Amino acid sequence: MQRLQRKRIVLGIGGGIAAYKSAELVRRLRDQGAEVRVVMTRAAREFITPLTLQALSGHPVFHDLLDPAAEAAMGHIELARWADLVLIAPATADLLARLAQGVADDLLTTLVLATDAPVALAPAMNQAMWRDPATQANAELLAARGLRLFGPAAGSQACGDVGPGRMLEADELAQRAADCFERGLLTGCRVLITAGPTQESIDPVRYITNHSSGKMGFALAEAAAEAGAVVTLVSGPVHLPTPQRVTRVNVVSARDMLAACEAAMPCDLLIAAAAVADYRPEVIATQKMKKDPGSDDGLQLRMVRNPDILATLAARADRPFSVGFAAETEKLLDYAARKLRDKNLDLIVANDVANPGIGFNSEDNAITIIDRQLTQNSFAQTSKGKIARQLIAFIAARLHQS
Ligand code: C5P
């Protein structure tokens, strides 16, 4: 199994002799399915060439904060936002000091300040430098701020010393990077997720649907599986690969979706991210409908209500912890709060689909979660993958309280 499938990793390389191991690390991260972009400090380029890292990562290496060509391709803020994880290996004593101080005088340190992704550091330096109280204080400060420290290991060093300060091996670093995404927050929990649009047939060749891409529901399924849940993903017609360790059930119409969800019950947690059609044609023509050659009149279709899947499951005696989505174009929080009450939900996730940068069919999302006390928690705009992990962590905390 590829533990880092589709994860976007910015690998920062500092200027230390361990930089030669970073070439191997790029390969190990890619073996696990990650997409890697390499950022090198000036000193790192004295130890290993950008060309090596470019060849191994398959992408140009970033090193200059003020390079107009690189900025035009992917600006530093864009790169910071692109990342699901920033891993700095090797992290030298100097880098730890600059990061502890919040210095942003090169591309790598600027990225660390700008990213909303977790940051992991693999320190590598001479044992005396690692033991120095200044370095120890910097490492403690960074850990206290939530940066993860991978290592260092102890052993023989390039300079001939023996002691702590060796960078962890590439394999171990790749495993630790994968651990960042697998936190066991939902271990043993049965999770049912709906995703994508539904299609409601008019005749054998026509249907009514909507713009849902399924990306948010699929990202949630992936994040829930990484959190240790047993996940069933009931999806309408979408063009997305099934996340690893997820059982996928494909459906077409709202009624199919309800039947598939009922078959997947009972569960502990239901997240309804599907954009279910509210109405369907009352009658599905058995043959392709033809235009009336003798008339310019329009066509009238009589539509009937579809079942509300979420409300139906949330009304059951064995009701799961129920989370809905409110995709709205106006009065977002009012409508969301009303849905929370009307559908008897534990949480509702409001997103503004009138904003073209987020919501339907876009890569990003920004959400506000509302609970039964009408308390609001907002997550700023970022990739749907990151929003999904934040949302799963939030839901897991509430689920364990309930
Ligand atoms: O009422 P509205 O469609 O805006 O509600 C949105 C929420 O309800 C979403 O979580 C959606 O997945 C769910 N829903 C459903 N079945 C329907 C309509 C909506 O599960 N028929």
# chains A, B, ... in the order shown; residues from 1 in each chain; ligands from 1

call {"tool": "residues_around", "arguments": {"residues": "Arg28 of chain A", "least_positions_apart": "5", "cutoff": "10 Å", "atoms": "only C-alpha atoms", "output": "list in words"}}
result
Ser22, Ala23, Gly33, Ala34, Ala170, Asp171, Glu172, Leu173, Ala174 and Gln175 of chain A

call {"tool": "write_last_selection", "arguments": {"atoms": "N, CA and C atoms", "output": "PDB file, in the first residue's frame"}}
result
ATOM      1  N   SER A  22      18.962  13.168   1.126  1.00  0.00           N
ATOM      2  CA  SER A  22      17.671  13.731   0.720  1.00  0.00           C
ATOM      3  C   SER A  22      17.293  13.269  -0.681  1.00  0.00           C
ATOM      4  N   ALA A  23      18.320  12.958  -1.493  1.00  0.00           N
ATOM      5  CA  ALA A  23      18.032  12.447  -2.836  1.00  0.00           C
ATOM      6  C   ALA A  23      17.284  11.119  -2.718  1.00  0.00           C
ATOM      7  N   GLY A  33       3.834   7.150  -3.015  1.00  0.00           N
ATOM      8  CA  GLY A  33       2.728   7.792  -3.740  1.00  0.00           C
ATOM      9  C   GLY A  33       2.690   9.298  -3.638  1.00  0.00           C
ATOM     10  N   ALA A  34       3.661   9.906  -2.922  1.00  0.00           N
ATOM     11  CA  ALA A  34       3.615  11.367  -2.723  1.00  0.00           C
ATOM     12  C   ALA A  34       4.042  12.110  -3.987  1.00  0.00           C
ATOM     13  N   ALA A 170      16.339   7.588   5.092  1.00  0.00           N
ATOM     14  CA  ALA A 170      15.248   7.989   4.189  1.00  0.00           C
ATOM     15  C   ALA A 170      13.978   7.163   4.410  1.00  0.00           C
ATOM     16  N   ASP A 171      14.137   5.851   4.587  1.00  0.00           N
ATOM     17  CA  ASP A 171      12.969   4.977   4.791  1.00  0.00           C
ATOM     18  C   ASP A 171      12.177   5.386   6.015  1.00  0.00           C
ATOM     19  N   GLU A 172      12.921   5.598   7.086  1.00  0.00           N
ATOM     20  CA  GLU A 172      12.271   5.971   8.345  1.00  0.00           C
ATOM     21  C   GLU A 172      11.585   7.331   8.212  1.00  0.00           C
ATOM     22  N   LEU A 173      12.230   8.266   7.530  1.00  0.00           N
ATOM     23  CA  LEU A 173      11.613   9.588   7.363  1.00  0.00           C
ATOM     24  C   LEU A 173      10.335   9.487   6.539  1.00  0.00           C
ATOM     25  N   ALA A 174      10.348   8.661   5.502  1.00  0.00           N
ATOM     26  CA  ALA A 174       9.140   8.508   4.678  1.00  0.00           C
ATOM     27  C   ALA A 174       8.014   7.898   5.517  1.00  0.00           C
ATOM     28  N   GLN A 175       8.349   6.939   6.375  1.00  0.00           N
ATOM     29  CA  GLN A 175       7.308   6.336   7.236  1.00  0.00           C
ATOM     30  C   GLN A 175       6.762   7.374   8.213  1.00  0.00           C
TER      31      GLN A 175
END

call {"tool": "residues_around", "arguments": {"residues": "Ala91 of chain A", "least_positions_apart": "5", "cutoff": "7 Å", "atoms": "only C-alpha atoms", "output": "list in words"}}
result
Gly14, Leu96, Leu121, Ala122, Pro123 and Ala124 of chain A

call {"tool": "closest_atom_pairs", "arguments": {"of": "chain A", "to": "ligand 1", "cutoff": "7 Å", "atoms": "only C-alpha atoms and all ligand atoms", "output": "Markdown table"}}
result
| residue | atom | partner | partner_atom_place_in_ligand_line | distance |
| --- | --- | --- | --- | --- |
| A:Thr194 | CA | ligand 1 | 12 (O) | 6.6 |
| A:Ala254 | CA | ligand 1 | 21 (N) | 6.5 |
| A:Ala272 | CA | ligand 1 | 12 (O) | 4.0 |
| A:Ala273 | CA | ligand 1 | 12 (O) | 4.5 |
| A:Ala274 | CA | ligand 1 | 12 (O) | 4.1 |
| A:Ala275 | CA | ligand 1 | 12 (O) | 5.3 |
| A:Val276 | CA | ligand 1 | 18 (C) | 4.7 |
| A:Ala277 | CA | ligand 1 | 21 (N) | 6.0 |
| A:Asp278 | CA | ligand 1 | 21 (N) | 5.1 |
| A:Asn306 | CA | ligand 1 | 21 (N) | 5.5 |
| A:Pro307 | CA | ligand 1 | 21 (N) | 5.1 |
| A:Asp308 | CA | ligand 1 | 21 (N) | 3.4 |
| A:Ile309 | CA | ligand 1 | 20 (O) | 3.7 |
| A:Leu310 | CA | ligand 1 | 20 (O) | 3.7 |
| A:Ala311 | CA | ligand 1 | 20 (O) | 6.6 |
| A:Val323 | CA | ligand 1 | 10 (O) | 6.9 |
| A:Gly324 | CA | ligand 1 | 10 (O) | 3.4 |
| A:Phe325 | CA | ligand 1 | 10 (O) | 3.7 |
| A:Ala326 | CA | ligand 1 | 6 (C) | 4.9 |
| A:Ala327 | CA | ligand 1 | 4 (O) | 6.4 |
| A:Lys339 | CA | ligand 1 | 1 (O) | 6.6 |

call {"tool": "write_last_selection", "arguments": {"atoms": "N, CA and C atoms", "output": "CSV table (one decimal), in the first residue's frame"}}
result
chain,number,residue,atom,x,y,z
A,194,THR,N,-21.6,10.0,2.0
A,194,THR,CA,-22.2,10.1,0.7
A,194,THR,C,-21.5,11.2,-0.1
A,254,ALA,N,-31.1,9.3,-6.4
A,254,ALA,CA,-31.2,9.6,-5.0
A,254,ALA,C,-31.8,8.3,-4.3
A,272,ALA,N,-22.9,13.4,5.2
A,272,ALA,CA,-23.6,13.5,4.0
A,272,ALA,C,-23.1,14.6,3.2
A,273,ALA,N,-22.1,14.3,2.3
A,273,ALA,CA,-21.5,15.4,1.4
A,273,ALA,C,-22.1,15.4,0.0
A,274,ALA,N,-23.0,14.4,-0.3
A,274,ALA,CA,-23.6,14.3,-1.6
A,274,ALA,C,-24.5,15.5,-1.9
A,275,ALA,N,-24.5,15.9,-3.2
A,275,ALA,CA,-25.5,16.9,-3.6
A,275,ALA,C,-26.6,16.2,-4.2
A,276,VAL,N,-27.6,15.8,-3.4
A,276,VAL,CA,-28.7,14.9,-3.8
A,276,VAL,C,-29.7,15.8,-4.5
A,277,ALA,N,-30.2,15.3,-5.7
A,277,ALA,CA,-31.3,16.0,-6.4
A,277,ALA,C,-32.5,16.1,-5.5
A,278,ASP,N,-33.1,17.2,-5.3
A,278,ASP,CA,-34.3,17.3,-4.4
A,278,ASP,C,-35.5,16.7,-5.1
A,306,ASN,N,-37.6,13.9,-4.0
A,306,ASN,CA,-36.8,12.7,-3.6
A,306,ASN,C,-36.8,12.5,-2.1
A,307,PRO,N,-36.5,11.3,-1.6
A,307,PRO,CA,-36.3,11.2,-0.2
A,307,PRO,C,-35.1,12.0,0.3
A,308,ASP,N,-35.2,12.5,1.5
A,308,ASP,CA,-34.0,13.1,2.1
A,308,ASP,C,-33.2,12.0,2.8
A,309,ILE,N,-32.0,11.7,2.3
A,309,ILE,CA,-31.3,10.6,2.8
A,309,ILE,C,-30.8,10.9,4.2
A,310,LEU,N,-30.2,12.0,4.3
A,310,LEU,CA,-29.6,12.4,5.6
A,310,LEU,C,-30.7,12.4,6.7
A,311,ALA,N,-31.8,13.1,6.4
A,311,ALA,CA,-32.9,13.2,7.4
A,311,ALA,C,-33.4,11.8,7.7
A,323,VAL,N,-23.7,14.3,10.3
A,323,VAL,CA,-23.1,15.6,9.9
A,323,VAL,C,-23.6,15.8,8.4
A,324,GLY,N,-24.1,17.0,8.2
A,324,GLY,CA,-24.6,17.4,6.9
A,324,GLY,C,-23.8,18.6,6.3
A,325,PHE,N,-24.1,18.8,5.1
A,325,PHE,CA,-23.5,20.0,4.4
A,325,PHE,C,-24.6,20.9,4.0
A,326,ALA,N,-24.3,22.2,4.1
A,326,ALA,CA,-25.2,23.2,3.5
A,326,ALA,C,-24.5,24.0,2.5
A,327,ALA,N,-24.7,23.7,1.3
A,327,ALA,CA,-24.1,24.5,0.2
A,327,ALA,C,-25.1,25.5,-0.2
A,339,LYS,N,-31.2,23.9,8.7
A,339,LYS,CA,-31.1,22.5,8.2
A,339,LYS,C,-30.6,21.6,9.4

call {"tool": "atom_distance", "arguments": {"atom1": "atom CA of Lys331 of chain A", "atom2": "atom CA of Ala195 of chain A"}}
result
23.6 Å

call {"tool": "select_by_dssp", "arguments": {"residues": "segment 172-292 of chain A", "states": "strand (DSSP E or B)", "output": "ChimeraX atom specification"}}
result
/A:190-195,197,200-203,206-208,230-235,246-250,269-272,275,279-281

call {"tool": "write_last_selection", "arguments": {"atoms": "C-alpha atoms", "output": "tab-separated table (two decimals), in the first residue's frame"}}
result
chain	number	residue	atom	x	y	z
A	190	ARG	CA	-17.73	2.78	11.15
A	191	VAL	CA	-18.19	5.78	8.89
A	192	LEU	CA	-20.69	6.19	6.07
A	193	ILE	CA	-20.07	9.02	3.61
A	194	THR	CA	-22.22	10.14	0.69
A	195	ALA	CA	-20.55	11.99	-2.18
A	197	PRO	CA	-24.24	14.34	-7.47
A	200	GLU	CA	-32.38	11.55	-12.14
A	201	SER	CA	-33.44	10.02	-15.43
A	202	ILE	CA	-35.95	11.65	-17.73
A	203	ASP	CA	-35.77	8.98	-20.42
A	206	ARG	CA	-31.42	12.17	-20.59
A	207	TYR	CA	-31.13	13.06	-16.95
A	208	ILE	CA	-31.13	15.93	-14.46
A	230	VAL	CA	-13.85	1.60	8.45
A	231	VAL	CA	-15.29	3.68	5.62
A	232	THR	CA	-18.15	3.05	3.20
A	233	LEU	CA	-18.38	5.70	0.48
A	234	VAL	CA	-21.69	5.82	-1.39
A	235	SER	CA	-21.05	7.87	-4.48
A	246	VAL	CA	-12.38	2.63	1.40
A	247	THR	CA	-15.35	0.48	0.33
A	248	ARG	CA	-17.08	2.28	-2.50
A	249	VAL	CA	-20.66	1.73	-3.60
A	250	ASN	CA	-21.63	3.41	-6.88
A	269	LEU	CA	-20.81	8.41	11.93
A	270	LEU	CA	-22.65	9.62	8.84
A	271	ILE	CA	-21.24	12.46	6.74
A	272	ALA	CA	-23.62	13.47	3.96
A	275	ALA	CA	-25.46	16.94	-3.61
A	279	TYR	CA	-36.67	16.35	-7.21
A	280	ARG	CA	-36.92	13.68	-9.91
A	281	PRO	CA	-39.20	13.37	-12.92

call {"tool": "select_by_dssp", "arguments": {"residues": "segment 104-295 of chain A", "states": "helix (DSSP H, G or I)", "output": "NGL selection string"}}
result
:A and (107-114 or 127-131 or 133-144 or 170-179 or 215-226 or 254-264)
